[in-house]
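Asks: Below is one structure. I have some questions about it.
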Amino acid sequence: MEEEEFFRLFTPQSLVHIEDRIAEEKAFKKAEKQAHEEGEEEELAAHEEEEPKPNPKYEAGKKLPLSLKDLFPVEYTSKPLEDFDEFYETQKTFVVVGKDMTIYRFSATNALYLLSPFNPIRRGALYVLVHPLFSALIIITIIVNCAFMAMTEQPFTWIEYVFTGVYTMEALIKISARGFIINTFTYLRDPWNWLDFAVISLAYVTMGVDLGNLSALRTFRVLRALKTVAVIPGLKTIVGALLEAVRRLRDVMILTVFMLSIFALVGMQLYMGTLRQKCVTFANFTYDNSTEGNETAWSYDDAWIEYAMNPAHWYTPDGTEYLICGNASGAGHCPPNYVCINNTHTNPNFNFTHFDNFGTALLCTFRLMTQDFWENLYQITLRAEGPYHCAYFIIVILLGSFYLVNLILAIVAMSYDETQKQDQADADEEEEERKKAMQIHAIQQTIHDGLREDYQEYLEEKLSQAKSHSETSLSDHEGEDNADKISVRSNKPEENGQFLSVSKKQPSLSLPGSPFVRRNTKKKYNANHGDHQPLMLDNLPYIDDPNAVTPCSDDLNMNLTYKQFLASRRNSYASLLKRTGSSRRSSFASRDSRRSLPRSPRSPLEKPGKLDTPWDWKKPKDSSHLHPLDAGEHGKHVENGSLHDSRMDIEKKSHDGDMCHPHAGKHVDPRDMMVIKNLLAHAEGHRNSKHSIISEFPFEEEELPLKDRLYNRFCSWHCCRCYVKFQEFIAMIILDAFVDLFITICILANTAFMAADQHPKSPELAEILIYGNYVFTGIFASEAFLKLIALSPPNYFRDGWNIFDFFIVVLSFLEMALDGVSGLSVLRSFRLLRVFKLARSWQTLNMLIRIVAGTMGALGNLIFVLAIVVFIFAVMGQQLFRDGYLSEYADNMPRWNFTDFLHSFMIIFRVLCGEWIESMWACTNANGPVCVPFFLLTYVIGNLVVLNLFLALLLNSFGAESLSGGENEEDKEPNKLSEAIGRFTRLGRWIKVKVIVCLKVKMKSKPKPNGGDASPRLNGKDLPDGGQPFSNGELVLVENHSPEKSTGILENEKKMDDETRPNSRGSQRESLSSNSRNSMSDDDTKLSLTKVDAEGEPEINEVKVTYANYPDDCFCKICRRKCPCCIRFENTKLGKRFWKIRCLAYALVEHKYFETFIITMILASSVALAIEDVYLSERPILAMILEITDRFFTAIFILEMLIKWTAFGFKKYFTDAWCWLDFVIVGISIMMLVFELLGLQKMTAIKAMRTLRALRPLRAVSRWEGMRVVVNALIKAIPSIANVMMVCLIFWLIFGIVGVQFFAGKFYKCEDEDGVKLPVNITANKTECLAKNYTWVNSKVNFDNVMMAYLALFQVATYKGWIEVMTDAIDSTDIDVQPDPEVNVYMYLYFVFFIIFGSFFTLNLFIGVIIENFNQQKKKAGGSLEMFMTEDQKKYYKAMKRMAAKSPQKSIPRPGNIIMGWIFDAVTNQKFDIGIMIIIMLNMLTMALEHYNQSEQFTTILNYINVSFIIIFTVECVLKLIGLRHYYFKFPWNIFDFVVVVLSILGEIVSVALSDVMDQFLVSPTLLRVVRVFRVGRVLRLVKSAKGIRTLLFSLAVSLPALFNIALLLFLVMFIYATFGMSFFMHVKHQYGIDDCFNFETFFRSIIYLFQMCTSAGWNSALAGITNEEDCIEETQTFDNGTTIWKDCGDYKIGVVYLCSYLVLSFLVVVNMYIAVILENFSQATEDVQQGLTSDEFDLFYEKWEKFDPEATKFIPLGQLSDFVDYLEEPLRLPKPNHFMLVKLDIPICENDKVYCRDILDALTKNFLGTSDTPGEIDVNEVEKDKEKIEYKVVSSTLLRQKEHYAARVIQKAWRRYRNERGSLPSPPPYDMVISKESDMITSKGSEMATSKDSKDTATTVNGDTASTKSLKSDTSNKQTAGSSVDVHIEIPESEITEETAMLSPENRTVELRADSDVVA
């Protein structure tokens, strides 16, 4: 039977068969190996044959494919079966299919050397192992175990033993079923089991031995939860992407560690010991030098040191951290009475933050890279060392943080993208398969149901006819075993001695492939049956084997109808299935046929035919040999055997001789097609019916089920006629567009009402809000009810929005009903969901909600994975660190701890948000350094990988699909809101048109002025009535017609305008440049100005729009037409003079130095703005100078504006956005001047306006190309960014309103005079607090109203200041009640949800939008050339472009002197470079060993080592100088090395002589030595395995220009904000985040502070500082003596707007552009490296070329070609022997047997890319450019030369043979002479010779097959050579064929031979 054919039980015989196959394969491989050794050509062919791979569909752990499920016999579940994946046919494996159809694969060897696959114990274990309940039990155990692990106190002591017991049982079952470790598919071959095994072993070990913390490793059990997720499809993608990302992160991790090490070394050199500086008070210091007893007196210094080192005397501003100070200029100063000392014994942050040794320095740089609390490190370092050290941090942040972290994001995004694509492809394939299976099923069933009776009739009729032939054939087989019963394949000899063997026949039909891989046709590969896979249909006779032959119609003893059923049925099936596209020959099958192993045990000659099955599938075995037509309805065995006879006869006849024509089955009877049509229609009907396909009565009408009938009866409200009328009336009202508009307005109003909630609120407001809620609830409820009536429930509930509305209305009523119940106020927040109703009419919100909804499934999966990761780490942390915390902190437990699961969970969640360092300090204090790897691992996996998946997921769901999807939906459903608004606009237009018509009618009644009728003229000719000339001479009608006509004309013109709009600007420029001005007086030519497109989208013009060399006309077209005096004015003297002035102005503006001058002025004025700082009042002269320069700049800018007005005219000036910017800024300056003259400059409004001068630097943007590109991209992204902002605000509004309901008024607390919060047992509430004279204060950031809530949420979303907000929320109890620590701990959930949806999600939308915008810009900018290329051609084109940029360098000549020559050879050798590199690395290592306060001995040793390194580097430098001579300074690295060596030597000399002077050096030579590490870049190219890292560096190099532009833009934003900050917050009091180093007092400090905040670091403390309005000076006071006390209060409103706008601009937009660029370039670079050739490869090519062509002639001799291509690096290298490969590449050969470098590179590139068909234009454009420069003649090519050599040999052989036969003839010319003569001849006739391009037409492919005919003809059609030449036709005997000719394909064995007649004689 068919299913038993595919699924066969695994028996001892199966094992024997496998062993036989293994032996066969070994023999086959051995034979193959010998064949390989004999000939090179086979080896080449062997390279191309791919290895067979396991079929992914049959992978262990996957479900059985759909197509096999139907065939699988139920009784075979949980039993060992023979492996059906052909890959494992020669491996000892078997499979078991579980009850849930999962495939399990096992090793067929003995488990534990004892249990064979047939052992009952092993069988029992197998049965248990594959049972679904077993895995379910284990999963439940794991989950329960996890729950117990999360508990702080274990309820039962014995529970751990239970779990251990369950796990042990599981392991034993697995080991006995699978075996232990030796073979594949055994227990320990599965990495998941390593985990289990380790956990179980530990459990048993810890029972006896106490391993302390090691026992916590049991928590890794939790990881097994991940194993179960792989079963859920969506989770599989996420987990797959995670694992893929972790795998790919290897290279980034190496690069990160490398870069961070360099930064750490630099940090150590700069800041070792500097963070120990403290402020010590000297007020209480007394020196007592008296001695008591015989003790020696203390010296003064000792006493001072003893006093100074006492921490009690150090200054602590906030009572916790000591103040860091510095003595450098600009460093932090100590307060009065304090002095700054260094070398104290502690560092900041519990002694964790310092650069005193390499480990902590590395941790600090990692902290900078992850940007966690880095502002603290930045601020203390700058306080200690001075502001200029910000350069170090800028570099680390830009390179480390922005670049490396985003690279990780790029990799995660790419992994996710690829995994998702792969999964999508798999899913599509499965879906396709399911459809196929259903189609086949339907057809089978149809035939089964519909045609069975017909078969029966035919059978009965024909039985008697067939009977006579059957006797003999049946009797032979009567007594045989069932397995060998009659079959087409039986090879027992018949009585007449013939075999029924069919293997030599060609199949008659191309049958489509089966949905799964066939297994038992695996015979020696035969080209004939490669593509014929059987169809698994049991009603098709004879298709069980590709070799089965269709019976011929002539031989069948039957009438036509039977033929239809037998022969043509198959054909129609084939065509039918072809139409459904089921040709599914799988690649695995084709690979199998290639493996070409003989498979005797399962050869088709032994088994019954595959489809010899009766109709009923579940048939008893013995009926397997029946004909499909012979079984009755229930598969009964037919007794009389006559059927067998008839069938046997048919088969025998069909196979007997060659009487059958191969295409007998191809003649399809037309009637067949009719039958098939019916079949198809029938099948379709089956599939579309609601019930199962297998229906007994396919043609009967189906009755609706009861549910549907009830639904139709009760829910479709169509009662009486009047009700229907009423319904229509209601529908007309409620479905109108105006109602929609009204509802939208109500939604907005309702949202505003909900947002109006605040604390404290007056009773009136409270009442208004309550009644407002009732009103809105009523409106929305009535809308829902009326819609329900109008649409009737079935239609109403079909729309998702309606269901949503109804749900909200129900909730509103529920909330009103439960108004008094406490704790249900949360229901009120559900009203907020109404906001989302806006999405109906708001396109972007709709799109984003769709994106969110689309990612919901994946997002749910991701959140699940996130939860698992957090859970695993939380449980591990709790198990590992709990005891440490309890013992260390006892009563003083920090809020963030690992004492119970909730706190552990929150710590891990905080790490995921990117804050790990502070929790790590607390943990390390309690538990020691084991915390560091734990936190780092959590951060890398949780934050860098899992969290970046969020972003990857969003980026993936963004993209064109989501955007275009929205538009299509919009087309389906008209937008009611826009319709309503459209009605208003139409009304407005209608009124306007009426008014205009009235006016025109009135004007018409007036008499026309004289000359009004005159037609316009063009070039002296009359125009038709109403014509208007265009610049190109076309005519269009002008609107001077009657009002009725005018509208139509307007519309036409508008249409035309629309069609030509895209080109309008271009044509304008062209016409301007082409129409040169002929004469001043030609009025009509002036008329023909271009029509300017005033409508259309606003566009950002560039300043230099005009390419014409004269300005536009003075007056616009309308003026000239309506007012002839304009033209007259132009012709007057004054007019002509004015024109000359304009031309001059125009020439001035267009002059290249004009812009340079203006940019200089802009920069100078910007610098002037930056100088106006807090010290300006102390420098009156400077203030005066600045005032004068300010007026000077204003005058220059006004002048510039006037000149531009004159040159361009107003229209052009004011249609340019950049000019508008200039105009506004100049306008402000003019107003300032006016106010100053009027003496009003002291007014505050004027002062505020004065700050707008800070916008001046913006003018530089339009004049700076790089920045303009970035800004243009940004401006184009503004609409989408604004949309995302709005969506963010709406998302946040919901959380904000909920926050107000939860926390309004609850953040107040009672504090004492020191600002310490008092415990609840001292003051319980507000009244007690005030009674005891304490203060009742509110937190600065709170939820008292929606605006405050927005600010609080912004702090939470950026993770700055969020810990304080969360602390307040967790402690809050009630209004006017004192907060109690952690009383409200489940409020953490509110913040967790907000962070997931409000931060992870909405903030990442910004990146999504920017990247999407980026890609759209790129598509627009993409060249048209690449659009028309195939992928291969694109790769080749890119490679060519790179190639064109390179050319060979002249190599340094080797010196003549023998010793210098040796040195030269040594220093130019690669090994020398690598040796020096290793020494540089060792030097790094010794530098890393340095640490603060190291012992004298250690220092001495390090010094000696250092000196030895200096000597080595000096020797290297000297050797290179000797070897390379003056060429040494040609390379930048050498110059750098030279400088380092000189400085090091100087440093050593100086440090020996004057050790103190060394400290004064700004840059120590050691620091420069660190930079040498970057030389590693040179060596990386030589390391083959470093390709990934090269890709990363390559992508960095590619991104640098764009990143530079973005950095410039960031600096510009910072510059403008710094000047604003100085004018607003210059005098703010030093408090909170504002201190003496970080403030807005000077420009430089502002920039330093703003740089810190562009990563959002510390903005919350800065905000607190600049918005501080308490305890400060309200007004500025000036005293008579000239001193001024400035107002030092902040400004709340300005401060919030200032910082929030800065954060959005810098942190959310500009920094995200960085991310976009890096993502883009990284994927580009990866693509280049994976698919094409990078410029690196071309560099290496030319580096190698130098060795062969030292003079850079660009040519090498042909003889060296083989060596050269072998000497190259991968991927261009062709390893020896490469002769035939070079022949195949057909490389052109030039005169003197030279080869041109670009030709070689071109050929190798094509060979690597596999592109022989390159587009012609590329060759011409790219390659020929270079060939034009170098003149060279192609005289031959490698392929042609091979042919020539071969021909010459043949001629010589023939000549020798001829001479031997004829006797004494003169000896033939030597072989070389033949060839050289021929080349000379060809050279002389070079012009006629075909170039290398022609020779490419005869390019050959290396082909292993040898043809039988080998004749050599010379091509007579070619041009004859100069001398008389002969045509030789030589037959090559079979024996003469050499391997060279065998290499050539048959068509290329024709050799062009032109030989002098005297040579051949």
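Following the order of the structure tokens, chains are lettered A, B, ..., residues in each are numbered from 1, and ligands are numbered from 1.
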Which of segment 289-339 of chain A counts as helix (DSSP H, G or I) under DSSP, as a list in words please?
Replies: Tyr300, Asp301, Asp302, Ala303, Trp304, Ile305, Glu306, Tyr307, Ala308, Pro311, Ala312 and His313 of chain A
Asks: Give me the residues near Pro1750 of chain A as a list in words, where near means some atom within 10 Å (using only C-alpha atoms) and where sequence neighbours in that chain fewer than 2 positions away do not count.
Replies: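 Near Pro1750 of chain A, the qualifying residues are Pro1448, Gln1449, Lys1450, Ser1451, Ile1452, Pro1453, Arg1454, Trp1745, Glu1746, Lys1747, Phe1748, Ala1752, Thr1753, Lys1754 and Ile1756 of chain A.
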Asks: How many Å lie between atom CA of Ile1198 of chain A and atom CA of Thr1160 of chain A, rounded to one decimal?
Replies: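 Spanning atom CA of Ile1198 of chain A to atom CA of Thr1160 of chain A is a straight-line distance of 15.5 Å.
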Asks: As an exercise, work out the distance from atom CA of Leu1163 of chain A to atom CA of Phe393 of chain A in Å and give it to one decimal place.
Replies: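 Between atom CA of Leu1163 of chain A and atom CA of Phe393 of chain A the gap is 26.1 Å.
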Asks: What's around Ile1606 of chain A at 10 Å? Count only C-alpha atoms, leave out sequence neighbours fewer than 4 positions away in its own chain, and write the answer as a list in words.
Replies: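 Result of the neighbour search: Gly1266, Met1267, Val1269, Val1270, Val1271, Leu1600, Pro1601, Ala1602, Leu1610, Phe1611, Leu1612, Val1710, Val1711, Met1713, Tyr1714 and Val1717 of chain A.
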Asks: Can you write out the residues you just picked, keeping N, CA and C atoms, as a PDB file, in the first residue's frame?
Replies:
ATOM      1  N   GLY A1266      26.848  70.338   2.694  1.00  0.00           N
ATOM      2  CA  GLY A1266      26.599  69.115   3.463  1.00  0.00           C
ATOM      3  C   GLY A1266      25.443  69.273   4.426  1.00  0.00           C
ATOM      4  N   MET A1267      25.413  70.433   5.095  1.00  0.00           N
ATOM      5  CA  MET A1267      24.376  70.644   6.097  1.00  0.00           C
ATOM      6  C   MET A1267      23.027  70.849   5.440  1.00  0.00           C
ATOM      7  N   VAL A1269      21.907  69.455   2.803  1.00  0.00           N
ATOM      8  CA  VAL A1269      21.340  68.151   2.450  1.00  0.00           C
ATOM      9  C   VAL A1269      20.628  67.545   3.652  1.00  0.00           C
ATOM     10  N   VAL A1270      21.325  67.578   4.817  1.00  0.00           N
ATOM     11  CA  VAL A1270      20.741  66.992   6.023  1.00  0.00           C
ATOM     12  C   VAL A1270      19.476  67.733   6.421  1.00  0.00           C
ATOM     13  N   VAL A1271      19.569  69.085   6.367  1.00  0.00           N
ATOM     14  CA  VAL A1271      18.404  69.879   6.805  1.00  0.00           C
ATOM     15  C   VAL A1271      17.234  69.661   5.861  1.00  0.00           C
ATOM     16  N   LEU A1600      31.118  57.870   7.668  1.00  0.00           N
ATOM     17  CA  LEU A1600      31.729  59.062   8.265  1.00  0.00           C
ATOM     18  C   LEU A1600      31.291  60.386   7.639  1.00  0.00           C
ATOM     19  N   PRO A1601      31.259  60.512   6.293  1.00  0.00           N
ATOM     20  CA  PRO A1601      30.853  61.823   5.747  1.00  0.00           C
ATOM     21  C   PRO A1601      29.460  62.231   6.216  1.00  0.00           C
ATOM     22  N   ALA A1602      28.522  61.277   6.160  1.00  0.00           N
ATOM     23  CA  ALA A1602      27.150  61.608   6.574  1.00  0.00           C
ATOM     24  C   ALA A1602      27.121  61.931   8.066  1.00  0.00           C
ATOM     25  N   LEU A1610      24.065  68.936  14.598  1.00  0.00           N
ATOM     26  CA  LEU A1610      23.890  68.850  16.050  1.00  0.00           C
ATOM     27  C   LEU A1610      24.601  70.039  16.713  1.00  0.00           C
ATOM     28  N   PHE A1611      25.793  70.346  16.210  1.00  0.00           N
ATOM     29  CA  PHE A1611      26.542  71.460  16.788  1.00  0.00           C
ATOM     30  C   PHE A1611      25.785  72.774  16.555  1.00  0.00           C
ATOM     31  N   LEU A1612      25.198  72.898  15.372  1.00  0.00           N
ATOM     32  CA  LEU A1612      24.447  74.128  15.065  1.00  0.00           C
ATOM     33  C   LEU A1612      23.282  74.278  16.051  1.00  0.00           C
ATOM     34  N   VAL A1710      17.877  64.466  15.796  1.00  0.00           N
ATOM     35  CA  VAL A1710      19.211  64.467  15.186  1.00  0.00           C
ATOM     36  C   VAL A1710      19.974  63.192  15.538  1.00  0.00           C
ATOM     37  N   VAL A1711      19.916  62.792  16.820  1.00  0.00           N
ATOM     38  CA  VAL A1711      20.644  61.581  17.215  1.00  0.00           C
ATOM     39  C   VAL A1711      20.042  60.361  16.519  1.00  0.00           C
ATOM     40  N   MET A1713      18.874  60.427  13.574  1.00  0.00           N
ATOM     41  CA  MET A1713      19.377  60.427  12.200  1.00  0.00           C
ATOM     42  C   MET A1713      20.696  59.667  12.142  1.00  0.00           C
ATOM     43  N   TYR A1714      21.484  59.812  13.198  1.00  0.00           N
ATOM     44  CA  TYR A1714      22.706  59.015  13.329  1.00  0.00           C
ATOM     45  C   TYR A1714      22.376  57.538  13.175  1.00  0.00           C
ATOM     46  N   VAL A1717      21.453  56.572   9.674  1.00  0.00           N
ATOM     47  CA  VAL A1717      22.611  56.489   8.764  1.00  0.00           C
ATOM     48  C   VAL A1717      23.391  55.214   9.015  1.00  0.00           C
TER      49      VAL A1717
END
Asks: Can you pull out every residue within 12 Å of segment 381-386 of chain A, counting only C-alpha atoms, but drop anything in the same chain fewer than 4 positions away, and send it as an mmCIF file with C-alpha atoms, in the first residue's frame?
Replies:
data_model
loop_
_atom_site.group_PDB
_atom_site.id
_atom_site.type_symbol
_atom_site.label_atom_id
_atom_site.label_comp_id
_atom_site.auth_asym_id
_atom_site.auth_seq_id
_atom_site.Cartn_x
_atom_site.Cartn_y
_atom_site.Cartn_z
ATOM 1 C CA GLY A 267 41.520 57.356 30.218
ATOM 2 C CA LEU A 270 44.828 61.035 31.513
ATOM 3 C CA TYR A 271 42.841 60.547 34.711
ATOM 4 C CA MET A 272 44.704 58.086 36.930
ATOM 5 C CA GLY A 273 44.252 59.332 40.497
ATOM 6 C CA THR A 274 42.526 62.588 39.533
ATOM 7 C CA LEU A 275 39.120 61.655 40.948
ATOM 8 C CA ARG A 276 40.604 61.464 44.465
ATOM 9 C CA GLN A 277 40.697 65.271 44.783
ATOM 10 C CA LYS A 278 38.584 66.609 47.664
ATOM 11 C CA CYS A 279 37.844 69.925 49.379
ATOM 12 C CA LEU A 323 32.682 67.346 46.242
ATOM 13 C CA ILE A 324 35.392 66.763 43.613
ATOM 14 C CA CYS A 325 37.567 69.764 42.901
ATOM 15 C CA GLY A 326 40.503 70.627 40.673
ATOM 16 C CA ASN A 327 43.327 73.141 40.492
ATOM 17 C CA ALA A 328 43.335 73.495 36.688
ATOM 18 C CA SER A 329 41.787 76.579 35.064
ATOM 19 C CA GLY A 330 38.065 76.135 34.637
ATOM 20 C CA ALA A 331 37.973 73.171 37.043
ATOM 21 C CA GLY A 332 35.601 73.001 39.974
ATOM 22 C CA HIS A 333 36.521 75.254 42.904
ATOM 23 C CA CYS A 334 36.081 74.694 46.601
ATOM 24 C CA CYS A 340 41.589 71.347 47.242
ATOM 25 C CA ILE A 341 43.902 68.395 48.025
ATOM 26 C CA ASN A 342 44.666 65.317 45.929
ATOM 27 C CA ASN A 347 37.109 57.551 44.946
ATOM 28 C CA PRO A 348 33.510 58.582 44.176
ATOM 29 C CA THR A 353 34.262 55.222 39.718
ATOM 30 C CA HIS A 354 37.882 55.881 38.811
ATOM 31 C CA PHE A 355 40.570 55.332 36.183
ATOM 32 C CA CYS A 364 33.921 53.414 33.086
ATOM 33 C CA TRP A 374 27.419 58.991 32.516
ATOM 34 C CA GLU A 375 26.655 62.614 33.304
ATOM 35 C CA ASN A 376 28.001 61.965 36.800
ATOM 36 C CA LEU A 377 31.343 60.626 35.500
ATOM 37 C CA CYS A 390 35.153 67.191 27.364
ATOM 38 C CA ALA A 391 36.898 66.261 24.070
ATOM 39 C CA TYR A 392 37.637 62.792 25.454
ATOM 40 C CA PHE A 393 33.974 62.249 26.318
ATOM 41 C CA ASP A 1635 26.777 74.658 39.703
ATOM 42 C CA ASP A 1636 30.034 76.542 39.127
ATOM 43 C CA CYS A 1637 31.140 74.213 36.282
ATOM 44 C CA PHE A 1638 27.859 73.347 34.595
ATOM 45 C CA PHE A 1644 31.657 77.170 26.353
ATOM 46 C CA ARG A 1645 30.016 75.943 29.562
ATOM 47 C CA ILE A 1648 29.451 71.412 27.466
ATOM 48 C CA TYR A 1649 26.178 71.185 29.359
ATOM 49 C CA GLN A 1652 25.616 66.155 28.002
#
